[in-house]
>>> print(open('upload.csv').read())   # CSV, C-alpha atoms
chain,number,residue,atom,x,y,z
A,254,MET,CA,78.6,-163.6,162.2
A,255,ASN,CA,79.4,-164.0,165.8
A,256,LYS,CA,77.4,-162.3,168.6
A,257,THR,CA,80.2,-160.0,169.7
A,258,ARG,CA,80.7,-158.7,166.1
A,259,ALA,CA,76.9,-158.1,165.7
A,260,VAL,CA,76.8,-156.1,169.0
A,261,PHE,CA,79.8,-154.1,167.9
A,262,ILE,CA,78.2,-153.2,164.5
A,263,VAL,CA,75.0,-152.2,166.3
A,264,ALA,CA,77.0,-150.1,168.7
A,265,ILE,CA,78.9,-148.4,165.9
A,266,SER,CA,75.6,-147.7,164.1
A,267,ILE,CA,74.1,-146.1,167.2
A,268,VAL,CA,77.2,-143.9,167.8
A,269,ALA,CA,77.4,-142.9,164.1
A,270,SER,CA,73.7,-141.9,164.0
A,271,ALA,CA,74.1,-139.9,167.2
A,272,CYS,CA,76.8,-137.9,165.6
A,273,ILE,CA,74.7,-136.8,162.7
A,274,VAL,CA,73.5,-133.2,163.3
A,275,VAL,CA,70.4,-132.1,161.5
A,276,PRO,CA,69.5,-128.5,162.0
A,277,ALA,CA,66.1,-128.3,163.8
A,278,HIS,CA,65.3,-124.8,162.3
A,279,ALA,CA,66.7,-122.8,159.5
A,280,ALA,CA,69.0,-120.0,160.8
A,281,PRO,CA,67.3,-116.6,160.3
A,282,SER,CA,70.5,-115.1,159.0
A,283,ASP,CA,70.8,-117.8,156.3
A,284,ILE,CA,67.2,-117.3,155.3
A,285,GLU,CA,67.5,-113.5,155.2
A,286,THR,CA,70.7,-113.7,153.1
A,287,CYS,CA,69.1,-116.3,150.7
A,288,ASP,CA,66.0,-114.0,150.4
A,289,ARG,CA,68.1,-110.9,149.8
A,290,LEU,CA,70.3,-112.4,147.2
A,291,ALA,CA,68.1,-115.0,145.4
A,292,ALA,CA,64.5,-113.9,145.7
A,293,HIS,CA,62.6,-113.3,142.5
A,294,PRO,CA,60.5,-110.1,142.3
A,295,ASP,CA,57.4,-112.0,141.2
A,296,ASP,CA,57.5,-114.7,143.9
A,297,PRO,CA,54.4,-114.3,146.0
A,298,ASP,CA,56.2,-116.2,148.8
A,299,LYS,CA,59.0,-113.8,149.2
A,300,PRO,CA,58.9,-111.5,152.3
A,301,ALA,CA,57.2,-108.1,151.7
A,302,ASN,CA,60.3,-106.2,152.6
A,303,ILE,CA,62.4,-108.0,150.0
A,304,LYS,CA,62.4,-106.5,146.5
A,305,GLY,CA,63.9,-109.5,144.6
A,306,SER,CA,65.8,-109.4,141.4
A,307,PHE,CA,65.4,-111.1,138.0
A,308,ASP,CA,69.1,-111.9,138.1
A,309,ILE,CA,71.6,-112.9,140.7
A,310,ALA,CA,74.6,-110.8,140.3
A,311,GLU,CA,77.7,-112.8,139.5
A,312,PRO,CA,79.6,-111.7,142.7
A,313,ASP,CA,76.6,-112.7,144.8
A,314,ILE,CA,76.3,-116.2,143.5
A,315,PRO,CA,78.7,-117.9,146.0
A,316,ALA,CA,77.1,-116.2,149.0
A,317,ALA,CA,73.6,-117.0,147.7
A,318,MET,CA,74.6,-120.7,147.2
A,319,LYS,CA,76.1,-120.9,150.7
A,320,ALA,CA,73.1,-119.2,152.4
A,321,CYS,CA,70.4,-121.0,150.5
A,322,LYS,CA,72.0,-124.4,150.9
A,323,ALA,CA,72.3,-123.8,154.7
A,324,ALA,CA,68.7,-122.5,154.9
A,325,ALA,CA,67.4,-125.5,152.9
A,326,GLU,CA,69.1,-128.0,155.2
A,327,ALA,CA,66.6,-127.3,158.0
A,328,HIS,CA,63.5,-129.5,158.1
A,329,ASP,CA,61.3,-126.4,158.4
A,330,ALA,CA,62.8,-124.5,155.4
A,331,PRO,CA,60.1,-122.5,153.7
A,332,ARG,CA,59.3,-123.5,150.2
A,333,ARG,CA,60.6,-120.3,148.8
A,334,ILE,CA,64.1,-121.3,150.1
A,335,TRP,CA,64.0,-124.3,147.8
A,336,PHE,CA,62.9,-122.1,144.9
A,337,GLU,CA,65.7,-119.6,145.7
A,338,LEU,CA,68.2,-122.4,146.0
A,339,GLY,CA,67.1,-123.5,142.5
A,340,ARG,CA,67.7,-120.0,141.2
A,341,ALA,CA,71.2,-119.9,142.8
A,342,TYR,CA,72.0,-123.3,141.2
A,343,GLU,CA,70.8,-122.0,137.8
A,344,PHE,CA,72.9,-118.8,138.0
A,345,ASN,CA,75.8,-121.0,139.1
A,346,ARG,CA,75.4,-123.0,135.9
A,347,GLN,CA,74.3,-126.2,137.7
A,348,PRO,CA,70.9,-126.9,136.0
A,349,ALA,CA,70.6,-130.5,137.2
A,350,GLU,CA,70.8,-129.3,140.8
A,351,ALA,CA,68.4,-126.5,140.0
A,352,VAL,CA,65.9,-129.1,138.8
A,353,SER,CA,66.2,-131.0,142.1
A,354,ALA,CA,65.7,-127.8,144.2
A,355,TYR,CA,62.8,-126.6,142.1
A,356,ARG,CA,61.1,-130.0,142.4
A,357,LYS,CA,61.2,-129.7,146.2
A,358,ALA,CA,59.6,-126.3,146.0
A,359,VAL,CA,57.0,-127.5,143.5
A,360,GLU,CA,56.1,-130.4,145.8
A,361,ALA,CA,55.5,-127.8,148.5
A,362,GLY,CA,53.2,-125.8,146.2
A,363,SER,CA,55.4,-123.0,145.0
A,364,THR,CA,53.9,-121.6,141.7
A,365,THR,CA,57.0,-119.6,141.0
A,366,ALA,CA,59.1,-122.8,141.2
A,367,MET,CA,56.6,-124.5,138.8
A,368,VAL,CA,57.4,-121.7,136.3
A,369,GLY,CA,61.2,-122.1,136.9
A,370,LEU,CA,61.1,-125.9,136.5
A,371,GLY,CA,58.8,-125.5,133.4
A,372,ALA,CA,61.4,-123.2,131.8
A,373,LEU,CA,64.1,-125.8,132.4
A,374,TYR,CA,61.9,-128.5,130.8
A,375,ALA,CA,61.1,-126.2,127.9
A,376,ASN,CA,64.8,-125.5,127.2
A,377,GLY,CA,66.2,-128.8,128.1
A,378,ASN,CA,68.4,-127.4,130.9
A,379,GLY,CA,69.3,-130.0,133.5
A,380,VAL,CA,66.6,-132.3,132.1
A,381,LYS,CA,65.7,-133.8,128.8
A,382,ALA,CA,63.6,-131.2,126.9
A,383,ASP,CA,59.9,-132.0,127.4
A,384,LEU,CA,57.5,-129.3,126.2
A,385,GLY,CA,54.5,-131.3,127.4
A,386,GLU,CA,55.9,-131.3,130.9
A,387,ALA,CA,56.7,-127.6,130.6
A,388,ARG,CA,53.1,-126.8,129.6
A,389,LYS,CA,51.7,-128.9,132.5
A,390,LEU,CA,53.9,-127.0,135.0
A,391,PHE,CA,52.9,-123.6,133.5
A,392,GLU,CA,49.3,-124.7,133.7
A,393,ARG,CA,49.6,-125.6,137.4
A,394,ALA,CA,51.3,-122.3,138.1
A,395,ALA,CA,48.6,-120.4,136.2
A,396,ALA,CA,45.9,-122.2,138.0
A,397,GLY,CA,47.6,-121.1,141.2
A,398,GLY,CA,47.4,-117.4,140.0
A,399,ASP,CA,51.0,-117.1,138.8
A,400,SER,CA,51.2,-114.5,136.1
A,401,LEU,CA,54.4,-115.8,134.6
A,402,GLY,CA,52.8,-119.2,134.2
A,403,MET,CA,49.9,-117.5,132.3
A,404,THR,CA,52.3,-115.5,130.2
A,405,ASN,CA,54.4,-118.6,129.3
A,406,LEU,CA,51.2,-120.4,128.3
A,407,GLY,CA,50.2,-117.5,126.1
A,408,ALA,CA,53.6,-117.6,124.4
A,409,MET,CA,53.4,-121.4,123.9
A,410,TYR,CA,49.9,-121.2,122.3
A,411,GLY,CA,50.7,-118.0,120.3
A,412,ALA,CA,54.0,-119.4,118.8
A,413,GLY,CA,52.9,-123.1,118.7
A,414,ILE,CA,55.6,-124.3,121.0
A,415,GLY,CA,54.7,-127.9,121.9
A,416,VAL,CA,51.1,-127.2,121.0
A,417,PRO,CA,49.3,-126.3,117.8
A,418,VAL,CA,49.1,-122.5,117.3
A,419,ASN,CA,46.0,-121.2,118.9
A,420,PHE,CA,45.7,-117.5,119.0
A,421,ALA,CA,42.4,-117.6,120.9
A,422,LYS,CA,44.0,-119.5,123.8
A,423,ALA,CA,47.1,-117.3,123.6
A,424,ARG,CA,44.9,-114.2,123.9
A,425,ILE,CA,43.0,-115.7,126.9
A,426,TRP,CA,46.2,-116.5,128.7
A,427,PHE,CA,47.7,-113.1,128.0
A,428,ALA,CA,44.5,-111.4,129.1
A,429,LYS,CA,44.6,-113.4,132.4
A,430,ALA,CA,48.2,-112.4,132.9
A,431,VAL,CA,47.4,-108.7,132.3
A,432,ALA,CA,44.5,-109.0,134.8
A,433,ALA,CA,47.0,-110.4,137.3
A,434,ASN,CA,49.2,-107.2,136.7
A,435,SER,CA,51.9,-108.9,134.5
A,436,ALA,CA,53.9,-106.2,132.7
A,437,ASP,CA,55.3,-109.0,130.5
A,438,ALA,CA,51.9,-109.8,129.1
A,439,MET,CA,51.0,-106.2,128.2
>>> encode(input="upload.csv", output="structure tokens")
Amino acid sequence: MNKTRAVFIVAISIVASACIVVPAHAAPSDIETCDRLAAHPDDPDKPANIKGSFDIAEPDIPAAMKACKAAAEAHDAPRRIWFELGRAYEFNRQPAEAVSAYRKAVEAGSTTAMVGLGALYANGNGVKADLGEARKLFERAAAGGDSLGMTNLGAMYGAGIGVPVNFAKARIWFAKAVAANSADAM
């Protein structure tokens, strides 16, 4: 390769990298819209003024996708945004993308995302079914105080899903979930 061509390639690389725009901060409006449309009511990371919903209404899915994707593009996106993006992908019937978003939230420590990703592993949505991995994720969530993780562990042990039936362990996990104010465990 001649020297002129090498300099030209380096110059093109510098110009191309200068044109890439990475948002420095998540836009508040995208974060607010993502929270409003995709927050889960049991997510301890959601803002106090956001109620959350168990489902994302069908007409709201495109707006949730757009806002959550935009909010997640920022380097300072809160971990809940990755969880909410995962939910938006799930409700948009894109489980493989949901897995990816949940993993980012899990890496950041979101216990609610651990439960979401665990459910995908338990059901084989977007990933190969792996009840052992589902249980590990539920255990991590439960250790972090997540009542849904506790409830899911109680259900796994009570029904023998991926583990031998163990009513004593099921009872312990359901009792912990009840103590954490889980209506599902009562």
>>> atom_distance(input="upload.csv", atom1="atom CA of Ala430 of chain A", atom2="atom CA of Ser400 of chain A")
4.9 Å
>>> closest_residue(input="upload.csv", among="A:Gly411, A:Thr286, A:Ala358, A:Asp399", to="Ala432 of chain A", atoms="all atoms listed in the file")
A:Asp399
>>> residues_near_point(input="upload.csv", point="(43.1, -120.4, 122.9)", cutoff="12 Å", atoms="all atoms listed in the file", output="short mmCIF file (atom, residue, chain, number, x, y, z; two decimals) with C-alpha atoms, in the frame of the given file")
data_model
loop_
_atom_site.label_atom_id
_atom_site.label_comp_id
_atom_site.auth_asym_id
_atom_site.auth_seq_id
_atom_site.Cartn_x
_atom_site.Cartn_y
_atom_site.Cartn_z
CA MET A 403 49.90 -117.50 132.30
CA LEU A 406 51.20 -120.40 128.30
CA GLY A 407 50.20 -117.50 126.10
CA ALA A 408 53.60 -117.60 124.40
CA MET A 409 53.40 -121.40 123.90
CA TYR A 410 49.90 -121.20 122.30
CA GLY A 411 50.70 -118.00 120.30
CA ALA A 412 54.00 -119.40 118.80
CA GLY A 413 52.90 -123.10 118.70
CA VAL A 416 51.10 -127.20 121.00
CA PRO A 417 49.30 -126.30 117.80
CA VAL A 418 49.10 -122.50 117.30
CA ASN A 419 46.00 -121.20 118.90
CA PHE A 420 45.70 -117.50 119.00
CA ALA A 421 42.40 -117.60 120.90
CA LYS A 422 44.00 -119.50 123.80
CA ALA A 423 47.10 -117.30 123.60
CA ARG A 424 44.90 -114.20 123.90
CA ILE A 425 43.00 -115.70 126.90
CA TRP A 426 46.20 -116.50 128.70
CA PHE A 427 47.70 -113.10 128.00
CA ALA A 428 44.50 -111.40 129.10
CA LYS A 429 44.60 -113.40 132.40
#
>>> atom_distance(input="upload.csv", atom1="atom CA of Gly305 of chain A", atom2="atom CA of His293 of chain A")
4.5 Å
>>> closest_residue(input="upload.csv", among="A:Ile334, A:Ala387, A:Val368, A:Ala323", to="Asp295 of chain A", atoms="all atoms listed in the file")
A:Val368
